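Peer 1: For reference, this is upload-v2.pdb, and it has PDB, C-alpha atoms.
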ATOM      1  CA  MET A  28      -2.148  19.658  33.037
ATOM      2  CA  SER A  29      -4.130  19.627  29.790
ATOM      3  CA  VAL A  30      -4.967  23.048  28.417
ATOM      4  CA  ASP A  31      -8.646  22.177  28.140
ATOM      5  CA  GLY A  32      -8.844  20.419  31.494
ATOM      6  CA  ASP A  33      -9.396  16.975  29.974
ATOM      7  CA  VAL A  34      -7.863  14.028  31.727
ATOM      8  CA  ARG A  35      -5.724  12.208  29.188
ATOM      9  CA  GLN A  36      -3.861   8.944  29.411
ATOM     10  CA  LEU A  37      -0.229   9.582  28.590
ATOM     11  CA  LYS A  38       0.977   7.423  25.725
ATOM     12  CA  GLY A  39       4.431   5.925  25.792
ATOM     13  CA  GLU A  40       6.583   4.092  23.306
ATOM     14  CA  ALA A  41       4.906   0.733  24.010
ATOM     15  CA  ASP A  42       1.598   2.215  22.833
ATOM     16  CA  GLU A  43       3.008   3.206  19.460
ATOM     17  CA  PRO A  44       4.028   0.084  17.499
ATOM     18  CA  GLY A  45       4.693   0.455  13.790
ATOM     19  CA  TRP A  46       5.529   4.178  13.814
ATOM     20  CA  GLU A  47       9.303   3.877  13.603
ATOM     21  CA  VAL A  48      11.206   5.791  10.919
ATOM     22  CA  ASP A  49      12.823   3.557   8.296
ATOM     23  CA  PRO A  50      16.486   4.662   8.234
ATOM     24  CA  ASP A  51      16.839   3.443   4.632
ATOM     25  CA  ASP A  52      13.988   5.670   3.441
ATOM     26  CA  ASP A  53      15.792   8.944   2.654
ATOM     27  CA  TRP A  54      12.648  10.846   1.702
ATOM     28  CA  GLY A  55      10.776   9.602   4.747
ATOM     29  CA  VAL A  56      13.643  10.497   7.070
ATOM     30  CA  ALA A  57      13.768  14.016   5.584
ATOM     31  CA  VAL A  58      10.023  14.563   5.969
ATOM     32  CA  VAL A  59       9.949  13.343   9.568
ATOM     33  CA  ALA A  60      13.018  15.449  10.416
ATOM     34  CA  THR A  61      11.356  18.577   8.993
ATOM     35  CA  VAL A  62       8.153  17.960  10.930
ATOM     36  CA  ALA A  63      10.144  17.193  14.085
ATOM     37  CA  ARG A  64      12.102  20.437  13.785
ATOM     38  CA  GLN A  65       8.924  22.489  13.368
ATOM     39  CA  LEU A  66       7.320  20.835  16.390
ATOM     40  CA  LYS A  67      10.331  21.505  18.577
ATOM     41  CA  LEU A  68      10.795  25.113  17.422
ATOM     42  CA  ARG A  69       7.145  25.946  18.008
ATOM     43  CA  ARG A  70       7.100  24.313  21.425
ATOM     44  CA  GLU A  71      10.201  26.212  22.489
ATOM     45  CA  SER A  72       8.871  29.477  21.053
ATOM     46  CA  VAL A  73       5.913  29.396  23.462
ATOM     47  CA  GLY A  74       8.138  28.436  26.377
ATOM     48  CA  MET A  75       6.717  24.957  27.027
ATOM     49  CA  ARG A  76       8.889  22.206  28.449
ATOM     50  CA  ALA A  77       8.647  18.775  26.820
ATOM     51  CA  ALA A  78       6.935  17.281  29.880
ATOM     52  CA  GLU A  79       4.362  20.057  29.990
ATOM     53  CA  PHE A  80       3.697  19.808  26.272
ATOM     54  CA  GLY A  81       3.436  16.014  26.477
ATOM     55  CA  GLU A  82       0.813  16.235  29.183
ATOM     56  CA  ALA A  83      -1.122  18.779  27.128
ATOM     57  CA  VAL A  84      -1.243  16.609  24.027
ATOM     58  CA  GLY A  85      -1.659  13.308  25.888
ATOM     59  CA  TYR A  86       1.773  11.768  25.313
ATOM     60  CA  GLY A  87       4.659  10.888  27.596
ATOM     61  CA  GLU A  88       7.734  13.092  27.756
ATOM     62  CA  ASP A  89       9.941  10.368  26.273
ATOM     63  CA  MET A  90       7.657  10.097  23.249
ATOM     64  CA  VAL A  91       7.746  13.862  22.738
ATOM     65  CA  TYR A  92      11.542  13.742  22.646
ATOM     66  CA  LYS A  93      11.489  10.798  20.213
ATOM     67  CA  ILE A  94       9.104  12.602  17.865
ATOM     68  CA  GLU A  95      11.012  15.884  18.077
ATOM     69  CA  GLY A  96      14.238  13.967  17.498
ATOM     70  CA  GLY A  97      12.896  12.464  14.269
ATOM     71  CA  LYS A  98      12.909   8.933  15.711
ATOM     72  CA  ARG A  99       9.151   8.355  15.587
ATOM     73  CA  ILE A 100       6.477   9.251  13.063
ATOM     74  CA  PRO A 101       3.846  11.475  14.730
ATOM     75  CA  ARG A 102       0.249  10.296  14.542
ATOM     76  CA  PRO A 103      -2.245  12.607  12.757
ATOM     77  CA  GLU A 104      -4.018  13.300  16.049
ATOM     78  CA  TYR A 105      -0.674  14.261  17.613
ATOM     79  CA  LEU A 106      -0.172  16.923  14.934
ATOM     80  CA  ASP A 107      -3.737  18.179  15.328
ATOM     81  CA  ARG A 108      -3.374  18.422  19.077
ATOM     82  CA  ALA A 109       0.063  20.062  18.809
ATOM     83  CA  ASP A 110      -1.350  22.586  16.347
ATOM     84  CA  GLU A 111      -4.079  23.478  18.839
ATOM     85  CA  VAL A 112      -1.835  23.607  21.910
ATOM     86  CA  LEU A 113       0.903  25.634  20.182
ATOM     87  CA  GLY A 114      -1.455  27.952  18.303
ATOM     88  CA  ALA A 115       0.081  27.058  14.921
ATOM     89  CA  GLY A 116      -2.997  28.107  12.972
ATOM     90  CA  GLY A 117      -3.239  24.880  10.977
ATOM     91  CA  LEU A 118       0.406  24.770   9.835
ATOM     92  CA  LEU A 119       1.233  21.659  11.852
ATOM     93  CA  SER A 120      -2.024  19.917  10.964
ATOM     94  CA  ALA A 121      -1.268  20.575   7.295
ATOM     95  CA  MET A 122       1.750  18.270   7.558
ATOM     96  CA  LYS A 123      -0.457  15.224   8.083
ATOM     97  CA  GLU A 124      -0.618  14.306   4.391
ATOM     98  CA  ASP A 125       3.149  14.097   3.970
ATOM     99  CA  VAL A 126       3.500  12.245   7.261
ATOM    100  CA  LYS A 127       0.790   9.783   6.215
ATOM    101  CA  ARG A 128       2.727   8.889   3.058
ATOM    102  CA  VAL A 129       5.869   8.284   5.123
ATOM    103  CA  ARG A 130       4.029   5.469   6.917
ATOM    104  CA  TYR A 131       3.598   3.588   3.660
ATOM    105  CA  PRO A 132       6.574   1.282   3.004
ATOM    106  CA  LYS A 133       9.069   2.803   0.554
ATOM    107  CA  LYS A 134       8.633  -0.061  -1.916
ATOM    108  CA  VAL A 135       4.876   0.555  -1.996
ATOM    109  CA  ARG A 136       5.344   4.315  -2.497
ATOM    110  CA  ASP A 137       7.792   3.739  -5.334
ATOM    111  CA  LEU A 138       5.399   1.309  -7.004
ATOM    112  CA  ALA A 139       2.461   3.716  -6.597
ATOM    113  CA  GLN A 140       4.483   6.513  -8.186
ATOM    114  CA  MET A 141       5.295   4.366 -11.207
ATOM    115  CA  GLU A 142       1.676   3.232 -11.506
ATOM    116  CA  ALA A 143       0.539   6.858 -11.372
ATOM    117  CA  ARG A 144       2.667   7.655 -14.452
ATOM    118  CA  ALA A 145       1.969   4.498 -16.443
ATOM    119  CA  VAL A 146      -0.367   4.513 -19.449
ATOM    120  CA  GLU A 147      -0.374   0.716 -19.664
ATOM    121  CA  ILE A 148       0.074  -1.868 -16.918
ATOM    122  CA  GLY A 149       0.156  -5.634 -17.291
ATOM    123  CA  VAL A 150       0.233  -7.916 -14.246
ATOM    124  CA  TYR A 151       0.394 -11.679 -13.909
ATOM    125  CA  GLU A 152      -0.039 -13.069 -10.379
ATOM    126  CA  CYS A 153       0.598 -16.716  -9.576
ATOM    127  CA  CYS A 154       0.112 -16.862  -5.788
ATOM    128  CA  SER A 155      -2.543 -14.291  -4.908
ATOM    129  CA  ILE A 156      -5.008 -11.846  -6.379
ATOM    130  CA  ALA A 157      -3.197  -8.754  -7.677
ATOM    131  CA  GLY A 158      -2.980  -5.954  -5.113
ATOM    132  CA  LEU A 159      -4.801  -3.485  -7.390
ATOM    133  CA  LEU A 160      -7.770  -5.871  -7.442
ATOM    134  CA  GLN A 161      -7.991  -6.652  -3.732
ATOM    135  CA  THR A 162     -10.681  -5.448  -1.352
ATOM    136  CA  PRO A 163      -9.488  -4.115   2.032
ATOM    137  CA  GLU A 164     -10.892  -7.205   3.747
ATOM    138  CA  HIS A 165      -9.140  -9.589   1.369
ATOM    139  CA  ALA A 166      -5.844  -7.702   1.730
ATOM    140  CA  ARG A 167      -6.149  -7.784   5.516
ATOM    141  CA  ALA A 168      -6.880 -11.526   5.537
ATOM    142  CA  LEU A 169      -3.843 -12.181   3.337
ATOM    143  CA  LEU A 170      -1.533 -10.072   5.482
ATOM    144  CA  GLU A 171      -2.812 -11.710   8.665
ATOM    145  CA  SER A 172      -1.565 -15.060   7.345
ATOM    146  CA  TRP A 173       2.049 -13.925   6.947
ATOM    147  CA  GLN A 174       4.807 -15.061   9.291
ATOM    148  CA  PRO A 175       6.265 -13.588  11.379
ATOM    149  CA  ALA A 176       3.002 -11.844  12.167
ATOM    150  CA  TYR A 177       2.684  -8.103  11.664
ATOM    151  CA  SER A 178       1.712  -5.936  14.600
ATOM    152  CA  HIS A 179      -1.834  -4.571  14.344
ATOM    153  CA  GLU A 180      -0.496  -1.107  13.527
ATOM    154  CA  ASP A 181       1.863  -2.360  10.824
ATOM    155  CA  LEU A 182      -0.832  -4.559   9.306
ATOM    156  CA  GLU A 183      -3.274  -1.663   9.047
ATOM    157  CA  ARG A 184      -0.511   0.521   7.633
ATOM    158  CA  ARG A 185       0.104  -1.994   4.857
ATOM    159  CA  VAL A 186      -3.598  -2.399   4.101
ATOM    160  CA  ALA A 187      -3.969   1.392   3.860
ATOM    161  CA  ALA A 188      -0.941   1.601   1.564
ATOM    162  CA  ARG A 189      -2.364  -1.059  -0.729
ATOM    163  CA  MET A 190      -5.752   0.643  -0.868
ATOM    164  CA  ALA A 191      -4.147   4.025  -1.628
ATOM    165  CA  ARG A 192      -2.901   2.563  -4.927
ATOM    166  CA  LEU A 193      -6.500   2.070  -6.090
ATOM    167  CA  SER A 194      -6.692   5.743  -7.021
ATOM    168  CA  ILE A 195      -5.322   4.547 -10.368
ATOM    169  CA  PHE A 196      -8.886   3.571 -11.323
ATOM    170  CA  GLU A 197      -9.968   7.205 -10.910
ATOM    171  CA  ARG A 198      -7.424   8.600 -13.368
ATOM    172  CA  SER A 199      -8.636  10.351 -16.496
ATOM    173  CA  PRO A 200      -7.765   9.259 -19.080
ATOM    174  CA  ALA A 201      -7.623   5.810 -17.516
ATOM    175  CA  PRO A 202      -4.537   3.679 -18.150
ATOM    176  CA  ALA A 203      -4.953   0.355 -19.923
ATOM    177  CA  LEU A 204      -4.834  -2.329 -17.224
ATOM    178  CA  GLY A 205      -4.383  -6.038 -17.875
ATOM    179  CA  PHE A 206      -4.484  -8.752 -15.213
ATOM    180  CA  VAL A 207      -3.954 -12.495 -15.419
ATOM    181  CA  LEU A 208      -4.823 -14.451 -12.268
ATOM    182  CA  GLU A 209      -4.439 -18.133 -11.546
ATOM    183  CA  GLU A 210      -7.732 -19.958 -10.980
ATOM    184  CA  ALA A 211      -6.204 -21.604  -7.904
ATOM    185  CA  THR A 212      -5.820 -18.205  -6.212
ATOM    186  CA  LEU A 213      -9.527 -17.512  -6.759
ATOM    187  CA  ARG A 214     -10.495 -20.830  -5.211
ATOM    188  CA  ARG A 215      -8.249 -20.414  -2.182
ATOM    189  CA  LYS A 216     -10.370 -19.627   0.888
ATOM    190  CA  VAL A 217      -8.875 -16.328   1.968
ATOM    191  CA  GLY A 218     -11.074 -14.847   4.695
ATOM    192  CA  GLY A 219     -14.640 -15.904   5.423
ATOM    193  CA  THR A 220     -17.582 -16.270   3.078
ATOM    194  CA  MET A 221     -18.413 -12.550   2.990
ATOM    195  CA  VAL A 222     -14.784 -11.630   2.321
ATOM    196  CA  ARG A 223     -14.692 -14.026  -0.627
ATOM    197  CA  ARG A 224     -18.028 -12.833  -2.005
ATOM    198  CA  GLN A 225     -16.956  -9.195  -1.786
ATOM    199  CA  GLN A 226     -13.698 -10.044  -3.534
ATOM    200  CA  PHE A 227     -15.475 -11.826  -6.396
ATOM    201  CA  GLU A 228     -17.879  -8.896  -6.731
ATOM    202  CA  ARG A 229     -14.914  -6.534  -6.877
ATOM    203  CA  LEU A 230     -13.279  -8.610  -9.621
ATOM    204  CA  LEU A 231     -16.481  -8.521 -11.661
ATOM    205  CA  GLU A 232     -16.864  -4.784 -11.149
ATOM    206  CA  VAL A 233     -13.303  -3.997 -12.212
ATOM    207  CA  GLY A 234     -13.220  -6.624 -14.952
ATOM    208  CA  ARG A 235     -16.173  -4.943 -16.700
ATOM    209  CA  LEU A 236     -14.445  -1.575 -16.944
ATOM    210  CA  ASN A 237     -13.554  -0.552 -20.508
ATOM    211  CA  SER A 238      -9.971   0.134 -19.467
ATOM    212  CA  VAL A 239      -9.444  -3.267 -17.828
ATOM    213  CA  THR A 240      -8.780  -6.720 -19.257
ATOM    214  CA  LEU A 241      -9.150  -9.479 -16.667
ATOM    215  CA  GLN A 242      -8.127 -13.039 -17.525
ATOM    216  CA  VAL A 243      -7.921 -16.263 -15.564
ATOM    217  CA  MET A 244      -5.372 -18.998 -16.114
ATOM    218  CA  PRO A 245      -7.368 -22.239 -15.710
ATOM    219  CA  MET A 246      -6.111 -24.915 -13.357
ATOM    220  CA  ASP A 247      -5.960 -27.471 -16.188
ATOM    221  CA  SER A 248      -3.717 -25.292 -18.369
ATOM    222  CA  ALA A 249      -0.353 -26.483 -19.622
ATOM    223  CA  ALA A 250       2.903 -25.217 -18.106
ATOM    224  CA  HIS A 251       3.582 -21.561 -18.934
ATOM    225  CA  PRO A 252       6.358 -18.940 -18.457
ATOM    226  CA  GLY A 253       4.729 -17.422 -15.359
ATOM    227  CA  MET A 254       5.149 -20.466 -13.166
ATOM    228  CA  SER A 255       8.356 -19.040 -11.703
ATOM    229  CA  GLY A 256       6.550 -16.010 -10.249
ATOM    230  CA  ARG A 257       4.772 -12.713 -10.714
ATOM    231  CA  ILE A 258       5.400 -10.533 -13.778
ATOM    232  CA  GLU A 259       4.670  -6.807 -14.028
ATOM    233  CA  VAL A 260       5.115  -4.609 -17.098
ATOM    234  CA  LEU A 261       4.533  -0.843 -16.926
ATOM    235  CA  LYS A 262       4.675   1.409 -20.002
ATOM    236  CA  PHE A 263       4.847   5.208 -19.954
ATOM    237  CA  GLU A 264       3.699   8.006 -22.224
ATOM    238  CA  ASP A 265       7.214   8.792 -23.460
ATOM    239  CA  GLY A 266       7.616   5.251 -24.786
ATOM    240  CA  SER A 267       9.789   4.030 -21.923
ATOM    241  CA  ALA A 268       8.894   1.006 -19.833
ATOM    242  CA  VAL A 269       9.882  -0.886 -16.715
ATOM    243  CA  ALA A 270       9.215  -4.505 -15.795
ATOM    244  CA  ARG A 271      10.039  -7.014 -13.120
ATOM    245  CA  SER A 272       9.521 -10.685 -12.434
ATOM    246  CA  ASP A 273       9.994 -12.782  -9.324
ATOM    247  CA  GLY A 274      11.641 -15.428 -11.482
ATOM    248  CA  ALA A 275      14.026 -13.267 -13.526
ATOM    249  CA  PHE A 276      16.879 -10.832 -12.872
ATOM    250  CA  ASN A 277      16.653 -11.394  -9.100
ATOM    251  CA  GLY A 278      13.216  -9.778  -9.043
ATOM    252  CA  HIS A 279      14.651  -6.287  -9.598
ATOM    253  CA  PRO A 280      12.810  -3.796 -11.846
ATOM    254  CA  THR A 281      14.524  -3.336 -15.208
ATOM    255  CA  SER A 282      14.268  -0.831 -18.045
ATOM    256  CA  ASP A 283      16.960  -2.483 -20.171
ATOM    257  CA  PRO A 284      15.379  -2.997 -23.655
ATOM    258  CA  ARG A 285      16.808  -6.522 -23.994
ATOM    259  CA  LEU A 286      15.459  -7.633 -20.619
ATOM    260  CA  LEU A 287      12.140  -5.879 -21.203
ATOM    261  CA  ARG A 288      11.632  -7.911 -24.365
ATOM    262  CA  VAL A 289      12.122 -11.110 -22.388
ATOM    263  CA  LEU A 290       9.468 -10.204 -19.815
ATOM    264  CA  GLU A 291       7.067  -8.836 -22.432
ATOM    265  CA  LEU A 292       7.396 -12.103 -24.369
ATOM    266  CA  ARG A 293       6.672 -14.119 -21.237
ATOM    267  CA  TYR A 294       3.691 -11.949 -20.303
ATOM    268  CA  GLY A 295       2.308 -12.120 -23.847
ATOM    269  CA  THR A 296       2.577 -15.920 -23.828
ATOM    270  CA  ILE A 297       0.754 -16.089 -20.498
ATOM    271  CA  ARG A 298      -2.096 -13.932 -21.814
ATOM    272  CA  ALA A 299      -2.401 -16.127 -24.903
ATOM    273  CA  GLN A 300      -2.741 -19.259 -22.752
ATOM    274  CA  ALA A 301      -5.238 -17.757 -20.287
ATOM    275  CA  LEU A 302      -9.000 -17.791 -20.751
ATOM    276  CA  PRO A 303     -10.411 -14.900 -22.815
ATOM    277  CA  PRO A 304     -11.898 -12.023 -20.765
ATOM    278  CA  GLY A 305     -15.505 -13.095 -21.307
ATOM    279  CA  GLU A 306     -14.875 -16.660 -20.185
ATOM    280  CA  SER A 307     -12.786 -15.390 -17.272
ATOM    281  CA  LEU A 308     -15.609 -13.197 -15.962
ATOM    282  CA  ALA A 309     -18.041 -16.087 -16.403
ATOM    283  CA  LEU A 310     -15.750 -18.245 -14.248
ATOM    284  CA  VAL A 311     -15.655 -15.570 -11.531
ATOM    285  CA  GLU A 312     -19.462 -15.382 -11.648
ATOM    286  CA  ARG A 313     -19.676 -19.156 -11.160
ATOM    287  CA  LEU A 314     -17.322 -18.989  -8.194
ATOM    288  CA  LEU A 315     -19.413 -16.197  -6.684
ATOM    289  CA  GLY A 316     -22.515 -18.341  -7.103
ATOM    290  CA  GLU A 317     -20.786 -21.262  -5.368
ATOM    291  CA  THR A 318     -19.665 -19.160  -2.400
TER     292      THR A 318
END
Using the file provided, produce a representation of the structure as structure tokens.

Peer 2:
Amino acid sequence: MSVDGDVRQLKGEADEPGWEVDPDDDWGVAVVATVARQLKLRRESVGMRAAEFGEAVGYGEDMVYKIEGGKRIPRPEYLDRADEVLGAGGLLSAMKEDVKRVRYPKKVRDLAQMEARAVEIGVYECCSIAGLLQTPEHARALLESWQPAYSHEDLERRVAARMARLSIFERSPAPALGFVLEEATLRRKVGGTMVRRQQFERLLEVGRLNSVTLQVMPMDSAAHPGMSGRIEVLKFEDGSAVARSDGAFNGHPTSDPRLLRVLELRYGTIRAQALPPGESLALVERLLGET
């Protein structure tokens, strides 16, 4: 019976898609295991059986065991409810931030950590608008087109992870950000009319920031070194750098000076062939007007 007398629908594993623990994510596994241990110890310290606790928080007994066994990532509301039921005084609820980061894919977390340290970032995208420039609606529309399809929970998790990276625009001092986008990706009808208009407005907003250089590679341009895939170059305050390209070195990030020079040369050539920032923003404005 619920401690506050509310009638709650017990949630089972089928109701919780997308909350599995990635066994290859060492940090995520450690965080979930720590939270799981605290939940179990506190439940046992007040003498509650798993079934009784599950009913109190609105989850099935099997799910309680999975969460306490570190097999499932607890939802934020689960931690809030557990904190209340077990009288933890906010200690369990305070774990929500770490648990929330665990839900973001490891590759996204690693990228966000590098972006948070970078003082200069250069990105060329050939197939889509760069993630740091996407609106939530545009990102969702892109992810909905992928096959095999993501579950609703996993899709929203990935959208949230992508949006969390946008905190880079709030940094002070701001890093120098450079983006080169293919005109074809801007013309592709991702989402409905309002989604496209909002995305163009976002590009104009970001492209006018003093710390951002936004360029468009026109559709009638000659062949260039980015045609084999995305290129990213991140530089750090200590003079080190890391870069990766879909079309070089198997797509793996590299900090080898020789390989960095190759990708920096390719990125520099792409920027030289793209439209200047002023003309690029004018093109985005025209596309907005046509939408």

Peer 1: Using the chain letters and numbers from the file, give me the residues hit by the PyMOL selection byres ((chain A and resi 294) around 8), as a ChimeraX atom specification.

Peer 2: /A:149,151,252-253,258,290-293,295-298

Peer 1: Give me a file of those residues, with C-alpha atoms, as a compact mmCIF listing (two decimals), in the frame of the given file.

Peer 2:
# COMPACT_ATOMS: atom_id res chain seq x y z
CA GLY A 149 0.16 -5.63 -17.29
CA TYR A 151 0.39 -11.68 -13.91
CA PRO A 252 6.36 -18.94 -18.46
CA GLY A 253 4.73 -17.42 -15.36
CA ILE A 258 5.40 -10.53 -13.78
CA LEU A 290 9.47 -10.20 -19.82
CA GLU A 291 7.07 -8.84 -22.43
CA LEU A 292 7.40 -12.10 -24.37
CA ARG A 293 6.67 -14.12 -21.24
CA GLY A 295 2.31 -12.12 -23.85
CA THR A 296 2.58 -15.92 -23.83
CA ILE A 297 0.75 -16.09 -20.50
CA ARG A 298 -2.10 -13.93 -21.81

Peer 1: Which distance in Å separates CA of His251 in chain A and CA of Cys153 in chain A, to one decimal?

Peer 2: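 We find that CA of His251 in chain A and CA of Cys153 in chain A lie 11.0 Å from each other.
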
Peer 1: Would you list the contacts of Glu95 in chain A as a list in words, taking every protein, DNA or RNA residue within 9 Å and counting only C-alpha atoms, but skipping same-chain residues closer than 6 positions in sequence?

Peer 2: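 The filter keeps Val59, Ala60, Val62, Ala63, Arg64, Gln65, Leu66 and Lys67 of chain A.
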
Peer 1: Select, from A:Pro175, A:Pro101, A:Gly218, A:Gly234, the residue with the minimum atom-to-atom distance to Ala203 in chain A, counting all atoms listed in the file.

Peer 2: A:Gly234

Peer 1: Once you count only C-alpha atoms, what closest atom pair and distance in Å to one decimal does each residue of range 76-96 of chain A within 12 Å of range 47-56 of chain A have, with rows by chain and rising residue number, as a Markdown table?

Peer 2:
| residue | atom | partner | partner_atom | distance |
| --- | --- | --- | --- | --- |
| A:Met90 | CA | A:Glu47 | CA | 11.6 |
| A:Lys93 | CA | A:Glu47 | CA | 9.8 |
| A:Ile94 | CA | A:Glu47 | CA | 9.7 |
| A:Gly96 | CA | A:Val48 | CA | 10.9 |

Peer 1: Report the distance between CA of Val186 in chain A and CA of Gly158 in chain A in Å, rounded to one decimal place.

Peer 2: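 These two atoms are separated by 9.9 Å.
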
Peer 1: Just want the 9 Å neighbourhood of Val269 in chain A, counted on only C-alpha atoms, with same-chain residues fewer than 5 positions away dropped. Output as a list of chain:residue names.

Peer 2: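 Neighbouring residues, sequence-local ones excluded: A:Met141, A:Glu259, A:Val260, A:Leu261, A:Lys262, A:Phe263, A:Pro280, A:Thr281, A:Ser282, A:Asp283, A:Leu287.
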
Peer 1: CA of Gly256 in chain A to CA of Cys154 in chain A: how many Å, to one decimal?

Peer 2: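 These atoms are spaced 7.9 Å apart.
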
Peer 1: Check which residues satisfy the PyMOL selection byres ((chain A and resi 105) around 10) in the file shown, then give them as a ChimeraX atom specification.

Peer 2: /A:81,84-86,91,94,100-104,106-111,119-120,123

Peer 1: Could you tell me which of A:Glu232, A:Val217, A:Glu152, A:Trp173 comes closest to Ser255 in chain A if we count only C-alpha atoms?

Peer 2: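 Looking at the shortest contact to Ser255 in chain A, the residue is A:Glu152.
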
Peer 1: Given the choices A:Arg167, A:Arg70, A:Arg257, A:Arg285, which gets closest to Asp181 in chain A if the distance is worked out from all atoms listed in the file?

Peer 2: A:Arg167

Peer 1: Could the centre and edge lengths of an axis-aligned box, enclosing all atoms of range 139-143 of chain A in the file with 8 Å extra on each side, be given in Å to one decimal as AutoDock Vina command-line options?

Peer 2:
--center_x 2.9 --center_y 5.0 --center_z -9.1 --size_x 20.8 --size_y 19.6 --size_z 20.9
